[in-house]
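Here's run.json, which has JSON, C-alpha atoms:
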```
[["chain", "number", "residue", "atom", "x", "y", "z"],
["J", 1, "MET", "CA", 11.37, 10.05, -18.07],
["J", 2, "ALA", "CA", 7.56, 10.16, -17.95],
["J", 3, "ASN", "CA", 5.77, 8.74, -14.93],
["J", 4, "PRO", "CA", 3.48, 5.80, -15.89],
["J", 5, "LEU", "CA", 1.40, 6.40, -12.73],
["J", 6, "ALA", "CA", 0.82, 10.12, -13.31],
["J", 7, "ARG", "CA", -2.62, 9.73, -14.90],
["J", 8, "ALA", "CA", -4.04, 7.55, -12.12],
["J", 9, "GLN", "CA", -7.67, 8.41, -11.40],
["J", 10, "TYR", "CA", -10.32, 7.37, -8.90],
["J", 11, "MET", "CA", -12.38, 4.43, -10.16],
["J", 12, "LEU", "CA", -14.50, 3.03, -7.31],
["J", 13, "SER", "CA", -14.69, 2.18, -3.62],
["J", 14, "ALA", "CA", -15.68, -1.25, -2.32],
["J", 15, "HIS", "CA", -17.05, -1.88, 1.15],
["J", 16, "THR", "CA", -18.02, -5.51, 0.43],
["J", 17, "PRO", "CA", -16.55, -8.21, -1.85],
["J", 18, "ARG", "CA", -19.50, -7.87, -4.25],
["J", 19, "GLN", "CA", -18.51, -4.26, -4.96],
["J", 20, "LEU", "CA", -15.03, -5.20, -6.17],
["J", 21, "PRO", "CA", -14.34, -4.74, -9.89],
["J", 22, "PRO", "CA", -13.93, -7.85, -12.08],
["J", 23, "ASP", "CA", -10.92, -9.92, -11.05],
["J", 24, "GLY", "CA", -8.72, -9.35, -14.08],
["J", 25, "GLY", "CA", -5.60, -7.48, -15.04],
["J", 26, "PHE", "CA", -2.93, -6.40, -12.57],
["J", 27, "GLU", "CA", -3.28, -4.51, -9.30],
["J", 28, "VAL", "CA", -0.90, -3.39, -6.57],
["J", 29, "ALA", "CA", -2.32, -2.80, -3.08],
["J", 30, "PHE", "CA", -1.14, -0.24, -0.52],
["J", 31, "ALA", "CA", -1.57, -0.79, 3.21],
["J", 32, "GLY", "CA", -0.54, 1.35, 6.14],
["J", 33, "ARG", "CA", -1.54, 2.23, 9.68],
["J", 34, "SER", "CA", -3.17, 5.52, 10.49],
["J", 35, "ASN", "CA", -0.62, 8.32, 10.36],
["J", 36, "ALA", "CA", 1.93, 6.25, 8.40],
["J", 37, "GLY", "CA", 1.71, 8.60, 5.41],
["J", 38, "LYS", "CA", 0.04, 6.23, 2.93],
["J", 39, "SER", "CA", -2.03, 8.91, 1.19],
["J", 40, "SER", "CA", 0.98, 11.21, 0.88],
["J", 41, "ALA", "CA", 3.03, 8.33, -0.54],
["J", 42, "LEU", "CA", 0.38, 7.51, -3.16],
["J", 43, "ASN", "CA", 0.14, 11.18, -4.13],
["J", 44, "ALA", "CA", 3.93, 11.45, -4.47],
["J", 45, "LEU", "CA", 4.20, 8.28, -6.55],
["J", 46, "CYS", "CA", 1.47, 9.53, -8.92],
["J", 47, "GLN", "CA", 2.66, 13.17, -8.87],
["J", 48, "GLN", "CA", -0.80, 14.36, -7.84],
["J", 49, "ASN", "CA", -1.73, 16.49, -4.85],
["J", 50, "ALA", "CA", -5.11, 15.01, -4.02],
["J", 51, "LEU", "CA", -5.44, 11.59, -5.65],
["J", 52, "ALA", "CA", -5.54, 9.93, -2.23],
["J", 53, "ARG", "CA", -7.06, 12.28, 0.30],
["J", 54, "VAL", "CA", -4.68, 13.28, 3.08],
["J", 55, "SER", "CA", -7.01, 13.43, 6.06],
["J", 56, "LYS", "CA", -6.63, 15.58, 9.12],
["J", 57, "THR", "CA", -8.28, 12.63, 10.90],
["J", 58, "PRO", "CA", -6.08, 9.66, 9.98],
["J", 59, "GLY", "CA", -7.74, 6.38, 9.11],
["J", 60, "ARG", "CA", -10.84, 7.58, 7.34],
["J", 61, "THR", "CA", -10.35, 5.22, 4.40],
["J", 62, "GLN", "CA", -13.06, 2.68, 5.15],
["J", 63, "GLN", "CA", -13.26, 0.99, 1.77],
["J", 64, "LEU", "CA", -10.91, -0.58, -0.72],
["J", 65, "VAL", "CA", -10.35, 2.37, -3.06],
["J", 66, "PHE", "CA", -9.40, 1.51, -6.66],
["J", 67, "PHE", "CA", -7.46, 3.86, -8.91],
["J", 68, "ASP", "CA", -7.35, 3.16, -12.63],
["J", 69, "LEU", "CA", -4.32, 3.82, -14.86],
["J", 70, "PRO", "CA", -6.25, 4.76, -18.01],
["J", 71, "GLN", "CA", -3.37, 4.56, -20.49],
["J", 72, "HIS", "CA", -2.52, 1.02, -19.31],
["J", 73, "GLU", "CA", -5.39, -1.41, -19.76],
["J", 74, "ASN", "CA", -6.52, -3.26, -16.64],
["J", 75, "ARG", "CA", -3.84, -1.80, -14.35],
["J", 76, "PHE", "CA", -4.92, -0.58, -10.92],
["J", 77, "LEU", "CA", -3.63, 0.78, -7.62],
["J", 78, "VAL", "CA", -5.68, -0.23, -4.55],
["J", 79, "ASP", "CA", -5.74, 1.76, -1.32],
["J", 80, "LEU", "CA", -6.58, -0.58, 1.58],
["J", 81, "PRO", "CA", -8.30, 0.67, 4.76],
["J", 82, "GLY", "CA", -5.64, 1.91, 7.13],
["J", 83, "TYR", "CA", -7.14, 3.14, 10.34],
["J", 84, "GLY", "CA", -5.84, 2.44, 13.80],
["J", 85, "TYR", "CA", -7.99, -0.54, 14.61],
["J", 86, "ALA", "CA", -8.29, 0.45, 18.27],
["J", 87, "LYS", "CA", -10.68, 3.26, 17.29],
["J", 88, "VAL", "CA", -12.91, 1.05, 15.17],
["J", 89, "PRO", "CA", -16.08, -0.66, 16.50],
["J", 90, "LEU", "CA", -15.61, -4.40, 16.94],
["J", 91, "ASP", "CA", -18.20, -5.35, 14.31],
["J", 92, "LEU", "CA", -16.52, -3.12, 11.70],
["J", 93, "ARG", "CA", -13.13, -4.54, 12.63],
["J", 94, "ALA", "CA", -14.50, -8.07, 12.14],
["J", 95, "HIS", "CA", -15.99, -7.06, 8.78],
["J", 96, "TRP", "CA", -12.67, -5.70, 7.55],
["J", 97, "GLN", "CA", -10.74, -8.69, 8.84],
["J", 98, "ALA", "CA", -13.00, -11.04, 6.88],
["J", 99, "PHE", "CA", -13.00, -8.83, 3.77],
["J", 100, "LEU", "CA", -9.21, -8.50, 3.69],
["J", 101, "ASP", "CA", -8.73, -12.23, 4.39],
["J", 102, "LYS", "CA", -10.90, -13.01, 1.39],
["J", 103, "TYR", "CA", -9.28, -10.35, -0.80],
["J", 104, "PHE", "CA", -5.76, -11.64, -0.16],
["J", 105, "GLN", "CA", -6.71, -15.31, -0.47],
["J", 106, "ASN", "CA", -8.76, -15.07, -3.66],
["J", 107, "ARG", "CA", -7.83, -11.99, -5.67],
["J", 108, "GLN", "CA", -5.99, -13.23, -8.75],
["J", 109, "ALA", "CA", -5.28, -9.73, -10.11],
["J", 110, "LEU", "CA", -3.23, -8.83, -7.01],
["J", 111, "ARG", "CA", 0.46, -8.76, -7.98],
["J", 112, "GLY", "CA", 2.13, -7.16, -4.98],
["J", 113, "LEU", "CA", 1.66, -5.30, -1.70],
["J", 114, "VAL", "CA", 3.28, -2.07, -0.55],
["J", 115, "VAL", "CA", 3.20, -1.66, 3.25],
["J", 116, "VAL", "CA", 3.70, 1.96, 4.26],
["J", 117, "MET", "CA", 5.26, 2.50, 7.71],
["J", 118, "ASP", "CA", 6.50, 5.57, 9.56],
["J", 119, "ILE", "CA", 10.28, 5.05, 9.61],
["J", 120, "ARG", "CA", 10.28, 6.13, 13.28],
["J", 121, "HIS", "CA", 7.70, 3.47, 14.28],
["J", 122, "PRO", "CA", 8.01, 0.51, 11.89],
["J", 123, "LEU", "CA", 6.74, -3.07, 12.07],
["J", 124, "LYS", "CA", 3.73, -2.67, 14.32],
["J", 125, "ASP", "CA", 1.24, -5.54, 14.55],
["J", 126, "TYR", "CA", -0.84, -4.26, 11.60],
["J", 127, "ASP", "CA", 2.27, -3.99, 9.40],
["J", 128, "ARG", "CA", 3.32, -7.54, 10.21],
["J", 129, "GLN", "CA", -0.21, -8.82, 9.62],
["J", 130, "MET", "CA", -0.32, -7.26, 6.15],
["J", 131, "LEU", "CA", 3.14, -8.55, 5.24],
["J", 132, "GLY", "CA", 2.05, -11.97, 6.48],
["J", 133, "TYR", "CA", -0.93, -11.90, 4.10],
["J", 134, "ALA", "CA", 1.37, -11.28, 1.14],
["J", 135, "VAL", "CA", 4.05, -13.79, 2.10],
["J", 136, "THR", "CA", 1.47, -16.53, 2.82],
["J", 137, "ARG", "CA", -0.02, -15.98, -0.62],
["J", 138, "GLY", "CA", 3.43, -15.96, -2.26],
["J", 139, "LEU", "CA", 3.12, -12.33, -3.37],
["J", 140, "PRO", "CA", 6.03, -9.89, -3.40],
["J", 141, "ALA", "CA", 5.87, -7.20, -0.73],
["J", 142, "HIS", "CA", 7.72, -3.92, -0.29],
["J", 143, "ALA", "CA", 8.11, -1.97, 2.96],
["J", 144, "LEU", "CA", 8.06, 1.78, 2.36],
["J", 145, "LEU", "CA", 9.58, 3.56, 5.36],
["J", 146, "THR", "CA", 8.02, 6.99, 5.06],
["J", 147, "LYS", "CA", 8.75, 10.36, 6.66],
["J", 148, "ALA", "CA", 12.47, 9.78, 6.19],
["J", 149, "ASP", "CA", 12.89, 13.56, 5.96],
["J", 150, "LYS", "CA", 12.24, 13.67, 9.73],
["J", 151, "LEU", "CA", 15.51, 11.82, 10.48],
["J", 152, "SER", "CA", 19.19, 12.41, 9.75],
["J", 153, "ARG", "CA", 20.77, 10.46, 6.90],
["J", 154, "GLY", "CA", 22.60, 8.21, 9.36],
["J", 155, "ALA", "CA", 19.43, 7.49, 11.33],
["J", 156, "VAL", "CA", 17.59, 6.66, 8.10],
["J", 157, "ALA", "CA", 20.29, 4.16, 7.06],
["J", 158, "SER", "CA", 20.24, 2.55, 10.52],
["J", 159, "ALA", "CA", 16.44, 2.25, 10.52],
["J", 160, "VAL", "CA", 16.38, 0.65, 7.05],
["J", 161, "GLN", "CA", 19.03, -1.89, 8.07],
["J", 162, "ALA", "CA", 17.19, -2.73, 11.30],
["J", 163, "VAL", "CA", 13.92, -3.35, 9.44],
["J", 164, "LYS", "CA", 15.73, -5.44, 6.80],
["J", 165, "ARG", "CA", 17.30, -7.63, 9.48],
["J", 166, "ASP", "CA", 13.98, -8.09, 11.25],
["J", 167, "LEU", "CA", 12.09, -8.99, 8.07],
["J", 168, "GLU", "CA", 14.80, -11.36, 6.80],
["J", 169, "LYS", "CA", 14.52, -13.25, 10.08],
["J", 170, "ASP", "CA", 10.77, -13.76, 9.54],
["J", 171, "TYR", "CA", 10.39, -13.84, 5.76],
["J", 172, "GLY", "CA", 13.80, -14.37, 4.15],
["J", 173, "ASP", "CA", 14.39, -12.08, 1.19],
["J", 174, "THR", "CA", 10.76, -11.91, 0.02],
["J", 175, "VAL", "CA", 10.12, -8.36, 1.32],
["J", 176, "GLY", "CA", 11.91, -5.32, -0.11],
["J", 177, "VAL", "CA", 12.72, -2.39, 2.19],
["J", 178, "GLN", "CA", 13.49, 1.25, 1.40],
["J", 179, "ALA", "CA", 13.41, 4.74, 2.87],
["J", 180, "PHE", "CA", 10.85, 7.14, 1.42],
["J", 181, "SER", "CA", 9.71, 10.73, 1.78],
["J", 182, "GLY", "CA", 6.79, 12.32, -0.03],
["J", 183, "GLU", "CA", 8.13, 15.70, 1.16],
["J", 184, "SER", "CA", 11.73, 15.46, -0.07],
["J", 185, "LYS", "CA", 10.91, 12.88, -2.80],
["J", 186, "LEU", "CA", 13.56, 10.54, -1.39],
["J", 187, "GLY", "CA", 13.03, 7.03, -2.79],
["J", 188, "VAL", "CA", 10.05, 7.98, -4.97],
["J", 189, "ASP", "CA", 11.66, 6.79, -8.22],
["J", 190, "GLN", "CA", 12.83, 3.55, -6.59],
["J", 191, "ALA", "CA", 9.36, 2.73, -5.22],
["J", 192, "ARG", "CA", 7.69, 3.66, -8.49],
["J", 193, "GLY", "CA", 10.05, 1.27, -10.28],
["J", 194, "VAL", "CA", 9.01, -1.61, -8.02],
["J", 195, "ILE", "CA", 5.31, -0.92, -8.58],
["J", 196, "CYS", "CA", 5.68, -0.60, -12.36],
["J", 197, "ARG", "CA", 7.61, -3.87, -12.47],
["J", 198, "TRP", "CA", 4.80, -5.66, -10.62],
["J", 199, "LEU", "CA", 2.20, -4.07, -12.93],
["J", 200, "GLU", "CA", 4.35, -5.00, -15.95],
["J", 201, "ILE", "CA", 4.32, -1.49, -17.32],
["J", 202, "ALA", "CA", 7.38, 0.35, -18.63],
["J", 203, "PRO", "CA", 8.07, 4.08, -18.23],
["J", 204, "ASP", "CA", 6.14, 6.08, -20.84]]
```
Can you turn what I pasted into C-alpha coordinates?
Amino acid sequence: MANPLARAQYMLSAHTPRQLPPDGGFEVAFAGRSNAGKSSALNALCQQNALARVSKTPGRTQQLVFFDLPQHENRFLVDLPGYGYAKVPLDLRAHWQAFLDKYFQNRQALRGLVVVMDIRHPLKDYDRQMLGYAVTRGLPAHALLTKADKLSRGAVASAVQAVKRDLEKDYGDTVGVQAFSGESKLGVDQARGVICRWLEIAPD
(Lines of atoms letter the chains of each structure in order from A and count residues from 1; the text may use other names and numbers.)
(Lines give C-alpha, C1' and ligand atoms only; values in the text may rest on other atoms or scores of the structure.)
Protein backbone atom coordinates (compact mmCIF):
# COMPACT_ATOMS: atom_id res chain seq x y z
CA MET A 1 0.00 0.00 0.00
CA ALA A 2 1.39 3.42 -0.98
CA ASN A 3 2.42 5.84 1.74
CA PRO A 4 0.34 9.08 1.59
CA LEU A 5 3.13 10.94 3.45
CA ALA A 6 5.96 9.86 1.15
CA ARG A 7 5.96 13.01 -0.97
CA ALA A 8 6.13 15.42 1.97
CA GLN A 9 8.37 18.39 1.22
CA TYR A 10 9.70 21.40 3.09
CA MET A 11 7.40 24.41 2.75
CA LEU A 12 8.45 27.13 5.22
CA SER A 13 9.75 27.91 8.70
CA ALA A 14 8.03 30.34 11.06
CA HIS A 15 9.78 32.10 13.93
CA THR A 16 6.84 34.45 14.66
CA PRO A 17 3.05 34.09 14.31
CA ARG A 18 3.05 36.44 11.31
CA GLN A 19 5.21 33.98 9.38
CA LEU A 20 2.71 31.14 9.71
CA PRO A 21 0.92 30.06 6.52
CA PRO A 22 -2.80 30.84 6.14
CA ASP A 23 -4.90 29.06 8.76
CA GLY A 24 -6.73 26.62 6.53
CA GLY A 25 -6.76 22.94 5.73
CA PHE A 26 -5.50 20.25 8.09
CA GLU A 27 -2.20 20.00 9.94
CA VAL A 28 -0.69 17.57 12.43
CA ALA A 29 2.05 18.85 14.75
CA PHE A 30 5.01 16.90 16.12
CA ALA A 31 6.63 17.78 19.43
CA GLY A 32 9.51 16.16 21.26
CA ARG A 33 12.36 16.95 23.63
CA SER A 34 15.92 17.09 22.41
CA ASN A 35 17.23 13.60 21.75
CA ALA A 36 13.75 12.03 21.70
CA GLY A 37 14.13 11.02 18.04
CA LYS A 38 11.53 13.35 16.52
CA SER A 39 13.42 13.98 13.28
CA SER A 40 14.10 10.27 12.82
CA ALA A 41 10.41 9.52 13.44
CA LEU A 42 9.28 12.07 10.85
CA ASN A 43 11.76 10.68 8.33
CA ALA A 44 10.56 7.11 8.95
CA LEU A 45 6.89 8.06 8.65
CA CYS A 46 7.55 9.83 5.34
CA GLN A 47 10.07 7.23 4.09
CA GLN A 48 12.67 9.93 3.50
CA ASN A 49 16.20 10.09 4.84
CA ALA A 50 16.57 13.82 5.28
CA LEU A 51 13.13 15.45 5.32
CA ALA A 52 13.61 16.48 8.95
CA ARG A 53 17.28 17.05 9.65
CA VAL A 54 18.72 14.68 12.23
CA SER A 55 21.14 16.93 14.07
CA LYS A 56 24.30 15.91 15.83
CA THR A 57 23.42 18.76 18.21
CA PRO A 58 19.88 17.95 19.34
CA GLY A 59 17.38 20.77 19.60
CA ARG A 60 18.42 22.94 16.71
CA THR A 61 14.88 23.29 15.38
CA GLN A 62 14.14 26.86 16.41
CA GLN A 63 11.12 27.51 14.22
CA LEU A 64 7.83 25.86 13.43
CA VAL A 65 8.77 23.95 10.28
CA PHE A 66 5.92 23.19 7.85
CA PHE A 67 5.99 20.29 5.42
CA ASP A 68 3.48 20.22 2.58
CA LEU A 69 1.85 17.05 1.22
CA PRO A 70 1.60 18.18 -2.42
CA GLN A 71 -0.77 15.47 -3.65
CA HIS A 72 -3.25 16.27 -0.84
CA GLU A 73 -4.46 19.86 -0.94
CA ASN A 74 -3.95 21.89 2.24
CA ARG A 75 -2.49 19.01 4.28
CA PHE A 76 0.61 19.72 6.37
CA LEU A 77 2.96 18.22 8.93
CA VAL A 78 4.41 20.71 11.44
CA ASP A 79 7.68 20.15 13.30
CA LEU A 80 7.60 22.11 16.58
CA PRO A 81 10.80 23.37 18.27
CA GLY A 82 12.13 20.61 20.47
CA TYR A 83 15.25 21.68 22.25
CA GLY A 84 16.06 21.04 25.87
CA TYR A 85 14.82 24.30 27.30
CA ALA A 86 17.59 24.41 29.90
CA LYS A 87 20.09 25.32 27.17
CA VAL A 88 17.97 28.12 25.73
CA PRO A 89 18.34 31.80 26.75
CA LEU A 90 15.46 32.98 28.92
CA ASP A 91 14.20 35.53 26.39
CA LEU A 92 14.07 32.89 23.63
CA ARG A 93 12.32 30.49 25.98
CA ALA A 94 9.72 33.17 26.75
CA HIS A 95 9.27 33.86 23.03
CA TRP A 96 8.62 30.20 22.29
CA GLN A 97 6.28 29.80 25.24
CA ALA A 98 4.16 32.70 24.00
CA PHE A 99 4.30 31.54 20.36
CA LEU A 100 3.29 27.97 21.18
CA ASP A 101 0.54 29.15 23.56
CA LYS A 102 -0.93 31.23 20.76
CA TYR A 103 -0.48 28.49 18.15
CA PHE A 104 -2.32 25.89 20.23
CA GLN A 105 -5.08 28.27 21.33
CA ASN A 106 -5.86 29.80 17.94
CA ARG A 107 -4.77 27.52 15.11
CA GLN A 108 -7.94 26.15 13.54
CA ALA A 109 -6.10 23.94 11.03
CA LEU A 110 -4.46 21.94 13.83
CA ARG A 111 -6.11 18.50 13.97
CA GLY A 112 -3.84 16.53 16.29
CA LEU A 113 -0.52 16.40 18.13
CA VAL A 114 2.10 13.66 18.12
CA VAL A 115 4.41 13.84 21.16
CA VAL A 116 7.64 11.93 20.55
CA MET A 117 9.33 10.54 23.68
CA ASP A 118 12.32 8.26 24.24
CA ILE A 119 10.69 5.06 25.55
CA ARG A 120 13.44 4.87 28.20
CA HIS A 121 12.69 8.39 29.53
CA PRO A 122 9.01 9.19 28.88
CA LEU A 123 6.69 11.85 30.28
CA LYS A 124 9.15 14.57 31.20
CA ASP A 125 7.82 18.05 31.99
CA TYR A 126 7.99 19.18 28.34
CA ASP A 127 6.04 16.09 27.19
CA ARG A 128 3.31 16.70 29.74
CA GLN A 129 3.15 20.38 28.84
CA MET A 130 2.63 19.58 25.16
CA LEU A 131 0.01 16.93 25.90
CA GLY A 132 -1.70 19.44 28.17
CA TYR A 133 -1.91 21.94 25.30
CA ALA A 134 -3.70 19.38 23.12
CA VAL A 135 -6.07 18.09 25.79
CA THR A 136 -7.02 21.62 26.92
CA ARG A 137 -7.87 22.49 23.33
CA GLY A 138 -9.83 19.25 22.87
CA LEU A 139 -7.43 17.92 20.22
CA PRO A 140 -6.47 14.26 19.91
CA ALA A 141 -2.90 13.46 20.95
CA HIS A 142 -0.68 10.44 20.38
CA ALA A 143 2.41 9.50 22.40
CA LEU A 144 5.08 7.93 20.21
CA LEU A 145 7.54 6.02 22.40
CA THR A 146 10.61 5.97 20.18
CA LYS A 147 13.87 4.01 20.25
CA ALA A 148 11.95 0.85 21.13
CA ASP A 149 14.69 -1.13 19.37
CA LYS A 150 16.94 -0.32 22.36
CA LEU A 151 14.79 -2.45 24.71
CA SER A 152 13.67 -6.08 24.84
CA ARG A 153 10.15 -6.89 23.70
CA GLY A 154 9.03 -7.42 27.30
CA ALA A 155 10.52 -4.12 28.43
CA VAL A 156 8.79 -2.33 25.54
CA ALA A 157 5.40 -3.80 26.50
CA SER A 158 5.92 -2.83 30.16
CA ALA A 159 6.93 0.73 29.24
CA VAL A 160 3.90 1.21 26.98
CA GLN A 161 1.54 -0.05 29.71
CA ALA A 162 3.15 2.20 32.33
CA VAL A 163 2.76 5.29 30.13
CA LYS A 164 -0.85 4.34 29.29
CA ARG A 165 -1.71 4.03 32.98
CA ASP A 166 -0.08 7.36 33.79
CA LEU A 167 -1.81 9.21 30.96
CA GLU A 168 -5.23 7.67 31.67
CA LYS A 169 -4.94 8.95 35.22
CA ASP A 170 -4.39 12.52 33.97
CA TYR A 171 -6.29 12.62 30.67
CA GLY A 172 -8.65 9.65 30.47
CA ASP A 173 -8.56 7.94 27.08
CA THR A 174 -7.84 11.07 25.01
CA VAL A 175 -4.16 10.25 24.37
CA GLY A 176 -3.07 7.25 22.30
CA VAL A 177 0.18 5.45 23.18
CA GLN A 178 2.39 3.18 21.10
CA ALA A 179 5.94 1.88 20.78
CA PHE A 180 7.93 3.08 17.78
CA SER A 181 11.33 2.64 16.19
CA GLY A 182 12.61 4.48 13.14
CA GLU A 183 15.46 1.93 13.02
CA SER A 184 13.46 -1.31 13.06
CA LYS A 185 10.27 0.32 11.66
CA LEU A 186 8.28 -1.00 14.62
CA GLY A 187 4.96 0.86 14.84
CA VAL A 188 5.55 3.00 11.74
CA ASP A 189 2.40 1.81 9.93
CA GLN A 190 0.31 2.24 13.08
CA ALA A 191 1.50 5.81 13.67
CA ARG A 192 1.09 6.70 10.00
CA GLY A 193 -2.50 5.44 10.18
CA VAL A 194 -3.27 7.75 13.11
CA ILE A 195 -1.81 10.77 11.31
CA CYS A 196 -3.63 10.03 8.04
CA ARG A 197 -6.90 9.65 9.93
CA TRP A 198 -6.43 13.08 11.54
CA LEU A 199 -5.53 14.60 8.15
CA GLU A 200 -8.53 12.83 6.57
CA ILE A 201 -6.45 11.28 3.83
CA ALA A 202 -6.67 7.65 2.74
CA PRO A 203 -3.73 5.49 1.61
CA ASP A 204 -2.86 6.21 -2.03
> When distances are computed from all atoms listed in the file, which of J:Leu110, J:Leu42, J:Ala179, J:Ala52 shows the smallest separation from Ala141 in chain J?
Replying inline: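 The shortest atom-to-atom distance to Ala141 in chain J comes from J:Leu110.
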> Please, which residues are within 8 Å of (1.6, -6.1, -16.1) by the file's coordinates, counting all atoms listed in the file, and could they come as a VMD selection string?
Replying inline: chain J and resid 25 to 26 75 196 to 201
>> So that I can see what lies close to range 95-103 of chain J, please list as a list of chain:residue names the residues with an atom at most 7 Å from it, counting all atoms listed in the file and leaving out residues fewer than 3 positions away in the same chain.
In response: J:Thr16, J:Pro17, J:Asp91, J:Leu92, J:Asn106, J:Arg107
Write out, as a short mmCIF file (atom, residue, chain, number, x, y, z; two decimals), in the frame of the given file, the residues just selected, with C-alpha atoms.
```cif
data_model
loop_
_atom_site.label_atom_id
_atom_site.label_comp_id
_atom_site.auth_asym_id
_atom_site.auth_seq_id
_atom_site.Cartn_x
_atom_site.Cartn_y
_atom_site.Cartn_z
CA THR J 16 -18.02 -5.51 0.43
CA PRO J 17 -16.55 -8.21 -1.85
CA ASP J 91 -18.20 -5.35 14.31
CA LEU J 92 -16.52 -3.12 11.70
CA ASN J 106 -8.76 -15.07 -3.66
CA ARG J 107 -7.83 -11.99 -5.67
#
```
> Can you list, as number ranges by chain, every protein, DNA or RNA residue that comes within 10 Å of range 117-125 of chain J when you count only C-alpha atoms, leaving out same-chain residues fewer than 5 positions away?
Replying inline: J: 31-38, 130-131, 143-151, 155-156, 159-160, 162-163, 166-167, 178-181
Would you mind exporting C-alpha atoms of the selected residues as a short mmCIF file (atom, residue, chain, number, x, y, z; two decimals), keeping the file's coordinate frame?
```
data_model
loop_
_atom_site.label_atom_id
_atom_site.label_comp_id
_atom_site.auth_asym_id
_atom_site.auth_seq_id
_atom_site.Cartn_x
_atom_site.Cartn_y
_atom_site.Cartn_z
CA ALA J 31 -1.57 -0.79 3.21
CA GLY J 32 -0.54 1.35 6.14
CA ARG J 33 -1.54 2.23 9.68
CA SER J 34 -3.17 5.52 10.49
CA ASN J 35 -0.62 8.32 10.36
CA ALA J 36 1.93 6.25 8.40
CA GLY J 37 1.71 8.60 5.41
CA LYS J 38 0.04 6.23 2.93
CA MET J 130 -0.32 -7.26 6.15
CA LEU J 131 3.14 -8.55 5.24
CA ALA J 143 8.11 -1.97 2.96
CA LEU J 144 8.06 1.78 2.36
CA LEU J 145 9.58 3.56 5.36
CA THR J 146 8.02 6.99 5.06
CA LYS J 147 8.75 10.36 6.66
CA ALA J 148 12.47 9.78 6.19
CA ASP J 149 12.89 13.56 5.96
CA LYS J 150 12.24 13.67 9.73
CA LEU J 151 15.51 11.82 10.48
CA ALA J 155 19.43 7.49 11.33
CA VAL J 156 17.59 6.66 8.10
CA ALA J 159 16.44 2.25 10.52
CA VAL J 160 16.38 0.65 7.05
CA ALA J 162 17.19 -2.73 11.30
CA VAL J 163 13.92 -3.35 9.44
CA ASP J 166 13.98 -8.09 11.25
CA LEU J 167 12.09 -8.99 8.07
CA GLN J 178 13.49 1.25 1.40
CA ALA J 179 13.41 4.74 2.87
CA PHE J 180 10.85 7.14 1.42
CA SER J 181 9.71 10.73 1.78
#
```
> From the set J:Ser184, J:Val78, J:Arg192, J:Gly176, which residue has the shortest atom-to-atom contact distance to Phe30 in chain J, counting all atoms listed in the file?
Replying inline: J:Val78
> Using all atoms listed in the file, which residue out of J:Leu45, J:Val28, J:Leu20, J:Met11 lies closest to Gly182 in chain J?
Replying inline: J:Leu45
Would you give the centre and edge lengths, in Å to one decimal, of a box along x, y and z around the listed atoms of range 19-29 of chain J, with 4 Å added to each side, as JSON?
```
{"center_x": -9.7, "center_y": -6.4, "center_z": -9.1, "size_x": 25.6, "size_y": 15.1, "size_z": 20.0}
```
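Using only C-alpha atoms, the nearest neighbour of Arg7 in chain J within the list J:Gly187, J:Gly132, J:Gly172, J:Pro70 is J:Pro70.
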> Looking at J:Asn74, J:Val116, J:Asp173, J:Lys164, which one is nearest to Ala41 in chain J, with distances taken over only C-alpha atoms?
Replying inline: J:Val116
